[in-house]
>>> print(open('start-v7.tsv').read())   # TSV, C-alpha atoms (C1' of nucleotides)
chain	number	residue	atom	x	y	z
W	12	MET	CA	36.79	24.35	25.92
W	13	ARG	CA	35.56	21.93	23.28
W	14	ILE	CA	35.22	23.13	19.69
W	15	ALA	CA	34.11	21.17	16.68
W	16	THR	CA	33.46	21.36	12.95
W	17	TRP	CA	31.03	19.36	10.81
W	18	ASN	CA	29.99	19.52	7.19
W	19	VAL	CA	26.38	18.42	7.58
W	20	ASN	CA	25.38	18.38	3.87
W	21	SER	CA	22.02	20.09	4.44
W	22	LEU	CA	21.12	21.28	7.92
W	23	LYS	CA	17.45	20.76	7.10
W	24	VAL	CA	18.00	17.03	6.58
W	25	ARG	CA	20.61	16.66	9.31
W	26	LEU	CA	19.09	18.76	12.11
W	27	PRO	CA	18.11	15.66	14.17
W	28	HIS	CA	21.68	14.37	13.94
W	29	VAL	CA	23.08	17.75	14.92
W	30	LEU	CA	20.77	18.06	17.94
W	31	ASP	CA	21.59	14.53	19.09
W	32	TRP	CA	25.30	15.15	18.63
W	33	LEU	CA	25.17	18.42	20.60
W	34	ALA	CA	23.30	16.70	23.44
W	35	VAL	CA	25.84	13.88	23.68
W	36	ASN	CA	29.05	15.83	23.09
W	37	GLN	CA	28.21	19.22	24.60
W	38	PRO	CA	30.74	21.23	22.59
W	39	ASP	CA	31.15	24.91	23.45
W	40	VAL	CA	31.32	25.70	19.74
W	41	LEU	CA	30.22	23.78	16.65
W	42	CYS	CA	30.99	25.15	13.19
W	43	LEU	CA	28.77	23.89	10.37
W	44	GLN	CA	29.27	23.85	6.63
W	45	GLU	CA	26.91	23.13	3.74
W	46	THR	CA	23.82	24.16	5.65
W	47	LYS	CA	22.14	24.79	2.25
W	48	GLN	CA	19.52	27.00	3.87
W	49	GLU	CA	18.56	30.62	3.54
W	50	ASP	CA	18.92	32.55	6.79
W	51	SER	CA	15.13	32.86	7.12
W	52	GLN	CA	14.95	29.05	7.31
W	53	PHE	CA	17.75	28.58	9.85
W	54	PRO	CA	16.54	26.40	12.78
W	55	LEU	CA	17.48	28.90	15.47
W	56	VAL	CA	14.62	28.04	17.83
W	57	ALA	CA	15.42	24.32	17.88
W	58	LEU	CA	19.04	25.12	18.67
W	59	GLN	CA	18.08	27.61	21.38
W	60	GLN	CA	15.88	24.96	22.97
W	61	ALA	CA	18.98	22.77	23.02
W	62	GLY	CA	20.88	25.48	24.86
W	63	TYR	CA	22.77	27.01	21.96
W	64	GLN	CA	22.98	30.29	20.13
W	65	ALA	CA	24.04	30.69	16.53
W	66	VAL	CA	25.27	33.06	13.87
W	67	PHE	CA	24.90	31.98	10.27
W	68	SER	CA	25.25	32.90	6.64
W	69	GLY	CA	23.33	30.72	4.25
W	70	GLN	CA	21.82	30.42	0.81
W	71	LYS	CA	19.54	28.08	-1.04
W	72	THR	CA	20.86	24.79	-2.46
W	73	TYR	CA	24.61	25.26	-1.96
W	74	ASN	CA	27.16	26.33	0.63
W	75	GLY	CA	26.10	27.99	3.87
W	76	VAL	CA	28.05	28.22	7.14
W	77	ALA	CA	27.16	28.68	10.80
W	78	ILE	CA	28.78	28.99	14.21
W	79	ILE	CA	26.75	27.43	17.02
W	80	SER	CA	27.88	28.21	20.55
W	81	LYS	CA	26.69	27.93	24.13
W	82	THR	CA	27.77	31.49	24.91
W	83	GLY	CA	27.19	34.40	22.63
W	84	ALA	CA	29.33	35.22	19.60
W	85	THR	CA	30.52	38.78	18.99
W	86	ASP	CA	32.15	40.74	16.16
W	87	VAL	CA	30.61	38.56	13.48
W	88	GLY	CA	32.22	38.77	10.05
W	89	TYR	CA	30.79	37.45	6.80
W	90	GLY	CA	32.86	36.36	3.83
W	91	LEU	CA	36.33	37.44	2.78
W	92	PRO	CA	36.58	41.24	2.59
W	93	ASN	CA	39.28	40.93	-0.09
W	94	PHE	CA	37.33	38.45	-2.25
W	95	PRO	CA	33.79	39.51	-3.18
W	96	ASP	CA	31.76	36.34	-3.54
W	97	GLU	CA	28.08	35.42	-3.78
W	98	GLN	CA	28.84	32.02	-2.28
W	99	LYS	CA	28.39	31.82	1.49
W	100	ARG	CA	31.59	30.09	2.52
W	101	LEU	CA	32.98	31.92	5.53
W	102	ILE	CA	31.73	33.23	8.83
W	103	ALA	CA	33.91	34.48	11.67
W	104	ALA	CA	33.04	35.37	15.24
W	105	THR	CA	34.63	35.69	18.65
W	106	VAL	CA	33.49	33.17	21.26
W	107	LEU	CA	34.97	33.04	24.77
W	108	GLY	CA	37.85	35.20	23.57
W	109	VAL	CA	38.76	32.93	20.67
W	110	ARG	CA	38.39	34.05	17.06
W	111	MET	CA	36.50	31.29	15.26
W	112	VAL	CA	36.81	31.27	11.48
W	113	CYS	CA	34.43	28.74	9.94
W	114	VAL	CA	35.15	27.94	6.29
W	115	TYR	CA	33.68	25.89	3.51
W	116	VAL	CA	36.52	25.89	1.00
W	117	PRO	CA	35.43	25.41	-2.63
W	118	ASN	CA	35.54	21.84	-3.84
W	119	GLY	CA	37.27	22.53	-7.14
W	120	GLN	CA	35.53	19.71	-9.02
W	121	SER	CA	38.60	18.75	-11.10
W	122	VAL	CA	42.03	20.24	-11.67
W	123	ASP	CA	41.14	21.40	-15.20
W	124	SER	CA	37.96	23.16	-14.07
W	125	ASP	CA	37.24	26.87	-13.63
W	126	LYS	CA	36.05	25.84	-10.17
W	127	TYR	CA	39.57	24.65	-9.40
W	128	ARG	CA	41.01	28.05	-10.30
W	129	TYR	CA	38.31	29.65	-8.16
W	130	LYS	CA	39.31	27.35	-5.29
W	131	LEU	CA	42.98	28.34	-5.48
W	132	ALA	CA	42.10	32.04	-5.75
W	133	TRP	CA	39.76	31.72	-2.77
W	134	LEU	CA	42.48	30.03	-0.71
W	135	ASP	CA	44.97	32.71	-1.68
W	136	ALA	CA	42.57	35.43	-0.53
W	137	LEU	CA	41.92	33.49	2.68
W	138	ARG	CA	45.63	33.39	3.47
W	139	GLU	CA	46.09	37.10	2.73
W	140	TRP	CA	43.14	38.04	4.94
W	141	LEU	CA	44.21	35.69	7.76
W	142	LYS	CA	47.57	37.47	7.96
W	143	GLU	CA	45.73	40.56	9.20
W	144	GLU	CA	43.12	38.66	11.16
W	145	LEU	CA	45.88	36.94	13.16
W	146	VAL	CA	47.31	40.32	14.13
W	147	ARG	CA	43.91	41.45	15.36
W	148	TYR	CA	43.13	38.10	16.98
W	149	PRO	CA	46.23	36.16	18.08
W	150	GLU	CA	44.01	33.41	19.49
W	151	LEU	CA	42.45	32.14	16.29
W	152	ALA	CA	40.95	28.83	15.19
W	153	LEU	CA	40.37	28.06	11.50
W	154	LEU	CA	37.82	25.26	11.28
W	155	GLY	CA	35.91	23.68	8.48
W	156	ASP	CA	35.78	21.66	5.32
W	157	TYR	CA	39.03	22.55	3.54
W	158	ASN	CA	38.43	20.14	0.67
W	159	ILE	CA	42.16	19.36	0.87
W	160	ALA	CA	43.82	16.18	2.13
W	161	PRO	CA	47.17	17.64	3.26
W	162	GLU	CA	49.29	14.49	3.03
W	163	ASP	CA	49.24	11.07	1.39
W	164	ARG	CA	48.43	9.45	4.73
W	165	ASP	CA	45.18	11.43	4.69
W	166	VAL	CA	44.02	9.51	1.59
W	167	TYR	CA	42.86	5.88	1.54
W	168	ASP	CA	44.53	5.22	-1.83
W	169	SER	CA	47.04	7.96	-2.48
W	170	GLN	CA	48.26	6.36	-5.71
W	171	ALA	CA	44.80	6.29	-7.21
W	172	TRP	CA	44.19	9.87	-6.11
W	173	ALA	CA	47.60	11.28	-7.13
W	174	GLY	CA	47.21	14.63	-8.87
W	175	ASN	CA	43.43	14.62	-8.38
W	176	VAL	CA	41.42	17.48	-6.97
W	177	LEU	CA	41.58	17.49	-3.13
W	178	VAL	CA	45.17	16.18	-3.16
W	179	SER	CA	46.91	18.08	-5.99
W	180	ALA	CA	50.21	19.85	-5.30
W	181	PRO	CA	48.82	23.41	-5.63
W	182	GLU	CA	46.03	22.63	-3.16
W	183	ARG	CA	48.45	21.11	-0.69
W	184	ALA	CA	50.75	24.10	-1.15
W	185	ALA	CA	47.80	26.35	-0.25
W	186	PHE	CA	47.21	24.29	2.89
W	187	HIS	CA	50.88	24.49	3.88
W	188	ALA	CA	50.84	28.24	3.23
W	189	LEU	CA	48.21	28.48	5.95
W	190	GLU	CA	50.53	26.55	8.25
W	191	GLN	CA	53.27	29.01	7.37
W	192	LEU	CA	51.14	31.72	8.96
W	193	GLY	CA	51.77	29.87	12.22
W	194	LEU	CA	48.61	27.76	12.18
W	195	ARG	CA	48.93	24.17	13.36
W	196	ASP	CA	46.85	21.18	12.29
W	197	SER	CA	45.50	20.14	15.69
W	198	PHE	CA	44.87	16.57	14.54
W	199	ARG	CA	48.58	16.03	13.91
W	200	LEU	CA	49.62	17.43	17.27
W	201	PHE	CA	48.73	14.01	18.69
W	202	GLU	CA	49.17	10.35	17.92
W	203	GLN	CA	46.29	9.17	15.81
W	204	PRO	CA	45.00	5.88	14.47
W	205	GLU	CA	46.23	5.02	10.98
W	206	LYS	CA	43.75	5.55	8.18
W	207	SER	CA	41.92	8.36	9.94
W	208	TYR	CA	39.51	10.13	7.61
W	209	SER	CA	36.69	12.67	7.88
W	210	TRP	CA	34.83	12.10	4.60
W	211	TRP	CA	33.66	8.99	2.77
W	212	ASP	CA	31.85	8.86	-0.56
W	213	TYR	CA	28.20	7.84	-0.34
W	214	ARG	CA	28.86	5.34	-3.13
W	215	MET	CA	30.88	2.13	-3.25
W	216	LEU	CA	30.12	1.28	0.39
W	217	ALA	CA	33.04	3.62	0.97
W	218	PHE	CA	32.46	4.12	4.69
W	219	ARG	CA	32.19	0.43	5.44
W	220	ARG	CA	35.42	-0.12	3.53
W	221	ASN	CA	37.02	2.99	5.10
W	222	MET	CA	37.71	4.46	1.66
W	223	GLY	CA	37.99	8.01	2.95
W	224	LEU	CA	39.89	11.27	2.94
W	225	ARG	CA	40.78	13.62	5.79
W	226	ILE	CA	39.63	16.97	4.46
W	227	ASP	CA	37.97	18.55	7.52
W	228	HIS	CA	40.44	20.28	9.79
W	229	ILE	CA	40.89	22.42	12.89
W	230	LEU	CA	43.93	24.67	12.69
W	231	PHE	CA	45.08	26.69	15.70
W	232	SER	CA	47.30	29.72	16.03
W	233	ALA	CA	50.36	29.13	18.24
W	234	PRO	CA	48.85	30.33	21.55
W	235	LEU	CA	45.91	27.94	21.11
W	236	ALA	CA	48.02	25.04	19.79
W	237	ARG	CA	50.02	25.26	23.03
W	238	VAL	CA	46.90	24.62	25.11
W	239	CYS	CA	45.30	22.05	22.83
W	240	THR	CA	44.99	18.71	24.64
W	241	GLY	CA	43.40	16.57	21.96
W	242	CYS	CA	41.77	16.29	18.57
W	243	SER	CA	39.65	13.46	17.22
W	244	ILE	CA	37.22	12.46	14.49
W	245	ASP	CA	33.87	11.04	15.58
W	246	ARG	CA	32.78	8.33	13.14
W	247	ALA	CA	29.56	7.56	15.02
W	248	PRO	CA	27.25	9.95	13.13
W	249	ARG	CA	28.45	8.50	9.79
W	250	LYS	CA	26.90	5.18	10.85
W	251	LEU	CA	23.39	6.60	11.31
W	252	GLU	CA	20.50	6.41	8.86
W	253	ARG	CA	20.76	9.16	6.24
W	254	PRO	CA	24.15	10.41	7.44
W	255	SER	CA	26.19	13.34	6.24
W	256	ASP	CA	29.11	12.11	4.15
W	257	HIS	CA	31.41	14.00	6.57
W	258	ALA	CA	32.19	13.20	10.21
W	259	PRO	CA	32.58	15.86	12.90
W	260	VAL	CA	36.07	16.78	14.13
W	261	THR	CA	36.53	17.96	17.73
W	262	ALA	CA	39.43	19.62	19.53
W	263	GLU	CA	39.91	20.35	23.22
W	264	LEU	CA	41.56	23.45	24.69
W	265	VAL	CA	42.46	24.10	28.33
W	266	GLY	CA	43.11	27.35	30.15
T	6	DA	C1'	32.43	0.63	-15.05
T	7	DT	C1'	34.27	8.10	-15.43
T	8	DG	C1'	29.54	5.18	-12.44
T	9	DG	C1'	28.38	3.89	-7.94
T	10	DC	C1'	24.89	7.94	-3.62
T	11	DT	C1'	22.68	12.09	-1.81
T	12	DT	C1'	20.64	16.68	-1.95
T	13	DC	C1'	18.26	20.20	-4.20
T	14	DA	C1'	15.40	22.38	-7.68
T	15	DT	C1'	12.22	20.48	-10.15
T	16	DA	C1'	7.99	17.82	-11.77
T	17	DG	C1'	12.04	15.02	-16.33
T	18	DT	C1'	16.11	14.89	-15.32
T	19	DG	C1'	20.31	17.39	-14.20
T	20	DA	C1'	23.88	19.75	-11.46
T	21	DA	C1'	26.99	19.35	-7.88
T	22	DG	C1'	29.41	17.35	-4.38
T	23	DA	C1'	34.40	15.05	-3.21
>>> encode(input="start-v7.tsv", output="structure tokens")
Amino acid sequence: MRIATWNVNSLKVRLPHVLDWLAVNQPDVLCLQETKQEDSQFPLVALQQAGYQAVFSGQKTYNGVAIISKTGATDVGYGLPNFPDEQKRLIAATVLGVRMVCVYVPNGQSVDSDKYRYKLAWLDALREWLKEELVRYPELALLGDYNIAPEDRDVYDSQAWAGNVLVSAPERAAFHALEQLGLRDSFRLFEQPEKSYSWWDYRMLAFRRNMGLRIDHILFSAPLARVCTGCSIDRAPRKLERPSDHAPVTAELVG
DNA sequence: ATGGCTTCATAGTGAAGA
């Protein structure tokens, strides 16, 4: 089973890239973030023609999440039940017996911002809710744009970024609190190239210079981590014309 | 250099992203 996550930064703009990527990579599940589309505009027909089904929760301009899968998704959940929120940042569904939780964690903007406090509160609610969700669904994958680089090696210039949003100690503590629920960062279950990142700023020729951060993650509960055989970041779509600033992350499960 | 791009909502610019 191949499952993936990709912040597409507008599904309307990126639909051709998504369709091409599905055709080449044939994942069983692809979680999307920042679709930036109301549900009435979601390109369900194009995806169905490509052999996929989808569940989605979107809004105009910002946010928006979706779970695309070859087989149907059941028991769809929208948002955090313990954190009422207008922003469409979470969708959960069961696919092939695995609970997929697709998240677009708030960015936070800067550590002195109200948006930063909202980010930490959102992450706290996520952790509280996941405690119960993991009891209901022991085979659980938490995929998405976390907007957190968990360690210094996930940052191209950790000195320059020290204390900044995306790398600050409270954000990293929130990430590690998720790991303390038993979730494992699938990327770090395997040897990886140095300077592996999943996001590069559009400015500064950042991609060409590999000035990136690893902020998109696939975390697995213990039963899934045991059968995970690989995790990788695909830089190819970042090289296309009009790319998303994020690259897709893919993990493989057997059994 | 506190910008640099990109998207979206707009019909000039401004917000937001990370």
>>> closest_atom_pairs(input="start-v7.tsv", of="chain T", to="chain W", cutoff="9 Å", atoms="all atoms listed in the file", output="CSV")
residue,atom,partner,partner_atom,distance
T:DG9,C1',W:Arg214,CA,5.0
T:DC10,C1',W:Tyr213,CA,4.7
T:DT11,C1',W:Tyr213,CA,7.1
T:DT12,C1',W:Ser21,CA,7.4
T:DC13,C1',W:Thr72,CA,5.6
T:DA14,C1',W:Thr72,CA,7.9
T:DA21,C1',W:Gln120,CA,8.6
T:DG22,C1',W:Asn118,CA,7.6
T:DA23,C1',W:Asn118,CA,6.9
>>> atom_distance(input="start-v7.tsv", atom1="CA of Pro234 in chain W", atom2="CA of Trp133 in chain W")
26.0 Å
>>> atom_distance(input="start-v7.tsv", atom1="CA of Thr261 in chain W", atom2="CA of Leu91 in chain W")
24.6 Å
>>> atom_distance(input="start-v7.tsv", atom1="CA of Asn175 in chain W", atom2="CA of Ala132 in chain W")
17.7 Å
>>> closest_atom_pairs(input="start-v7.tsv", of="range 113-192 of chain W", to="range 197-206 of chain W", cutoff="9 Å", atoms="all atoms listed in the file", output="Markdown table")
| residue | atom | partner | partner_atom | distance |
| --- | --- | --- | --- | --- |
| W:Arg164 | CA | W:Lys206 | CA | 7.0 |
| W:Asp165 | CA | W:Lys206 | CA | 7.0 |
| W:Val166 | CA | W:Lys206 | CA | 7.7 |
| W:Tyr167 | CA | W:Lys206 | CA | 6.7 |
>>> residues_around(input="start-v7.tsv", residues="Ser209 in chain W", least_positions_apart="2", cutoff="6 Å", atoms="all atoms listed in the file", output="list in words")
Arg225, His257 and Ala258 of chain W
>>> residues_around(input="start-v7.tsv", residues="Gly193 in chain W", least_positions_apart="2", cutoff="9 Å", atoms="only C-alpha atoms (C1' of nucleotides)", output="PDB file with C-alpha atoms, keeping the file's coordinate frame")
ATOM      1  CA  LEU W 189      48.210  28.480   5.950  1.00  0.00           C
ATOM      2  CA  GLU W 190      50.530  26.550   8.250  1.00  0.00           C
ATOM      3  CA  GLN W 191      53.270  29.010   7.370  1.00  0.00           C
ATOM      4  CA  ARG W 195      48.930  24.170  13.360  1.00  0.00           C
ATOM      5  CA  PHE W 231      45.080  26.690  15.700  1.00  0.00           C
ATOM      6  CA  SER W 232      47.300  29.720  16.030  1.00  0.00           C
ATOM      7  CA  ALA W 233      50.360  29.130  18.240  1.00  0.00           C
TER       8      ALA W 233
END
>>> residues_around(input="start-v7.tsv", residues="range 108-117 of chain W", least_positions_apart="4", cutoff="6 Å", atoms="only C-alpha atoms (C1' of nucleotides)", output="PyMOL selection string")
chain W and resi 42+44+100-104+130+150-157
>>> closest_residue(input="start-v7.tsv", among="W:Val56, W:Gly69, W:Ala184, W:Ala77", to="Lys99 in chain W", atoms="only C-alpha atoms")
W:Gly69
>>> decode(input="start-v7.tsv", residues="chain T", atoms="C-alpha atoms (C1' of nucleotides)", output="PDB file, in the first residue's frame")
ATOM      1  C1'  DA T   6      17.584  44.133   1.740  1.00  0.00           C
ATOM      2  C1'  DT T   7      12.221  42.226   6.923  1.00  0.00           C
ATOM      3  C1'  DG T   8      12.211  41.736   0.629  1.00  0.00           C
ATOM      4  C1'  DG T   9      12.722  38.293  -2.708  1.00  0.00           C
ATOM      5  C1'  DC T  10       7.455  34.652  -5.216  1.00  0.00           C
ATOM      6  C1'  DT T  11       2.776  32.839  -5.663  1.00  0.00           C
ATOM      7  C1'  DT T  12      -2.202  32.660  -4.981  1.00  0.00           C
ATOM      8  C1'  DC T  13      -6.456  34.757  -4.223  1.00  0.00           C
ATOM      9  C1'  DA T  14      -9.837  38.439  -3.983  1.00  0.00           C
ATOM     10  C1'  DT T  15      -9.927  42.196  -6.376  1.00  0.00           C
ATOM     11  C1'  DA T  16      -9.915  45.698 -10.294  1.00  0.00           C
ATOM     12  C1'  DG T  17      -5.418  49.100  -6.649  1.00  0.00           C
ATOM     13  C1'  DT T  18      -3.154  46.816  -3.962  1.00  0.00           C
ATOM     14  C1'  DG T  19      -3.048  43.816   0.057  1.00  0.00           C
ATOM     15  C1'  DA T  20      -3.141  39.587   2.861  1.00  0.00           C
ATOM     16  C1'  DA T  21      -1.136  35.333   3.638  1.00  0.00           C
ATOM     17  C1'  DG T  22       1.861  31.744   3.143  1.00  0.00           C
ATOM     18  C1'  DA T  23       6.461  29.487   5.440  1.00  0.00           C
TER      19       DA T  23
END
